[in-house]
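Take a look at the structure below.
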Amino acid sequence: MFLVGLTGGIASGKSSVLQVFQQLGCAVIDVDVIARHVVQPGYPAHRRIVEAFGTEVLLENGDINRKVLGDLIFNQPDRRQLLNTITHPEIQKEMMKETFKYFLRGYRYVILDIPLLFETKKLLKYMKHTVVVYCDRDTQLARLMRRNNLSREDAEARIRAQLPLKEKARMARHVLDNSGEWSVTKRQVVHLYAELERSLEYLPLRLGVLAGLAGIASLLYLLTRYLLPYP
């Protein structure tokens with residue numbers, strides 16, 4: 001199989017695009033869902049977060065208070081980096097597990113929703129396709145203010161904290177422009193889906209895996225012939 005990295009920016013419409021891919025039957029891995037999973041009580045990342053940031057980041061039931069933790073790291077790059085070093089390795093492990101499950105089920109590609117795909121660059125080398133859900137800055141700002149009931153100043157601060165969508169769009173193989181009507185964006189998603197479905201980029205790896213399995217089977221057969229006594 002091959003991997004498709006999907007990213008965007010705050011209020012760009014990435015979640016809506018991902019939902020369309022899911023409705024079309026694509027194998028999708030949402031990194032935000034995994035990120036919430038790996039910080040649950042009992043997991044190593046949860047313990048390390050409490051050690052690094054204190055018990056004030058916990059809710060009464062022991063779960064991580066994402067809002068409090070987010071406020072702590074929002075304007076502090078060092079603390080944000082510390083959180084990333086705690087959570088990213090655990091997230092990547094879970095992503096690999098989920099991807100392998102889809103491979104065993106016969107999917108030819110998996111779409112990975114990775115918010116920081118271009119910021120961290122750690123997973124870029126594994127992506128055959130990169131997709132950015134883009135919208136112009138004015139549209140992004142208006143949507144964020146309306147969606148989160150934020151002042152213009154607060155919304156601009158959140159947008160500035162991310163890599164600009166224009167830069168992400170320049171680095172991506174595919175750009176889905178969600179600046180206008182949703183029906184137009186949806187047509188772009190369906191068009192990209194058709195392109196991914198036609199792709200044969202999954203063949204080299206799948207054939208290589210099959211050849212490897214065939215080689216192992218042949219080796220086991222020969223070992224059995226030579227090591228086991230004849231009847």
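Every chain in the structure tokens takes a letter, A first, then B, and so on in the order presented; its residues are numbered from 1, and the ligands are numbered from 1 following the presented order.
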
> DSSP says strand (DSSP E) for which residues of range 162-194 of chain A? Put them as a PyMOL selection string?
Replying inline: chain A and resi 174-177

>> I'd like the neighbourhood of Leu141 in chain A as number ranges by chain, where a residue qualifies if any of its atoms comes within 8 Å (using only C-alpha atoms), though same-chain residues fewer than 6 positions away should be ignored.
In response: A: 11, 152, 155-156, 159

Would you mind exporting N, CA and C atoms of the selected residues as a CSV table (one decimal), in the first residue's frame?
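New file out.csv:
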```csv
chain,number,residue,atom,x,y,z
A,11,ALA,N,-9.6,25.7,11.1
A,11,ALA,CA,-10.7,26.2,10.4
A,11,ALA,C,-10.6,26.2,8.9
A,152,ARG,N,-11.3,39.0,17.0
A,152,ARG,CA,-10.4,39.0,15.8
A,152,ARG,C,-8.9,38.8,16.3
A,155,ALA,N,-8.3,35.1,17.3
A,155,ALA,CA,-8.3,34.2,16.2
A,155,ALA,C,-7.0,34.4,15.4
A,156,GLU,N,-6.6,35.6,15.2
A,156,GLU,CA,-5.3,35.9,14.5
A,156,GLU,C,-4.1,35.3,15.2
A,159,ILE,N,-4.0,31.6,14.4
A,159,ILE,CA,-3.6,31.3,13.0
A,159,ILE,C,-2.1,31.6,12.9
```

> Which residues come within 12 Å of range 27-35 of chain A, counting only C-alpha atoms, excluding same-chain residues fewer than 6 positions away, as JSON, numbers by chain?
Replying inline: {"A": [1, 2, 3, 4, 5, 6, 7, 14, 15, 17, 18, 19, 20, 21, 43, 45, 46, 64, 66, 83, 84, 86, 87, 88, 89, 90, 91, 92, 93, 94, 95, 96, 97, 98, 99, 100, 101, 102, 103, 105, 106, 107, 108, 109, 110, 111, 112, 113, 114, 115, 116, 117, 193, 196, 197]}

If you count only C-alpha atoms, which residues fall within 12 Å of Ala142 in chain A, apart from same-chain ones fewer than 2 positions away, as a compact mmCIF listing (two decimals) with C-alpha atoms, in the first residue's frame?
```
# COMPACT_ATOMS: atom_id res chain seq x y z
CA ILE A 10 -7.25 25.63 11.88
CA ALA A 11 -10.73 26.23 10.41
CA SER A 12 -9.59 25.28 6.90
CA CYS A 135 -8.50 28.39 2.25
CA ASP A 136 -7.49 32.04 1.98
CA ARG A 137 -6.56 33.81 5.19
CA ASP A 138 -9.61 36.09 5.34
CA THR A 139 -11.94 33.10 5.02
CA GLN A 140 -9.94 31.17 7.61
CA LEU A 144 -12.48 30.62 13.13
CA MET A 145 -14.05 33.67 14.76
CA ARG A 146 -17.54 32.35 14.02
CA ARG A 147 -16.85 28.72 14.96
CA ASN A 148 -15.00 29.36 18.23
CA ASN A 149 -16.69 32.65 19.14
CA LEU A 150 -13.31 34.40 19.25
CA SER A 151 -12.30 38.01 18.94
CA ARG A 152 -10.36 38.96 15.83
CA GLU A 153 -7.19 39.34 17.93
CA ASP A 154 -7.51 35.88 19.50
CA ALA A 155 -8.31 34.24 16.16
CA GLU A 156 -5.32 35.88 14.47
CA ILE A 159 -3.61 31.33 13.02
CA SER A 179 -12.18 28.97 0.14
```

> Near Gly13 in chain A, within 7 Å and counting only C-alpha atoms, which residues show up once chain neighbours fewer than 3 positions away are dropped, as a ChimeraX atom specification?
Replying inline: /A:16-17,133,178

>> Just list as a VMD selection string whatever in range 6-172 of chain A DSSP marks as alpha helix (DSSP H).
In response: chain A and resid 14 to 23 31 to 38 44 to 53 66 to 74 77 to 104 117 to 120 137 to 148 152 to 160 165 to 171

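CA of Val68 in chain A is found 8.0 Å from CA of Glu56 in chain A.
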
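Neighbouring residues of Asp63 in chain A at 8 Å or closer, counting only C-alpha atoms and skipping chain neighbours under 2 positions away, are A:Val39, A:Gln40, A:Pro41, A:Leu58, A:Leu59, A:Glu60, A:Asn61, A:Asn65.
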
>> Between CA of Arg173 in chain A and CA of Cys26 in chain A, what distance in Å does the model show, to one decimal?
In response: 18.8 Å
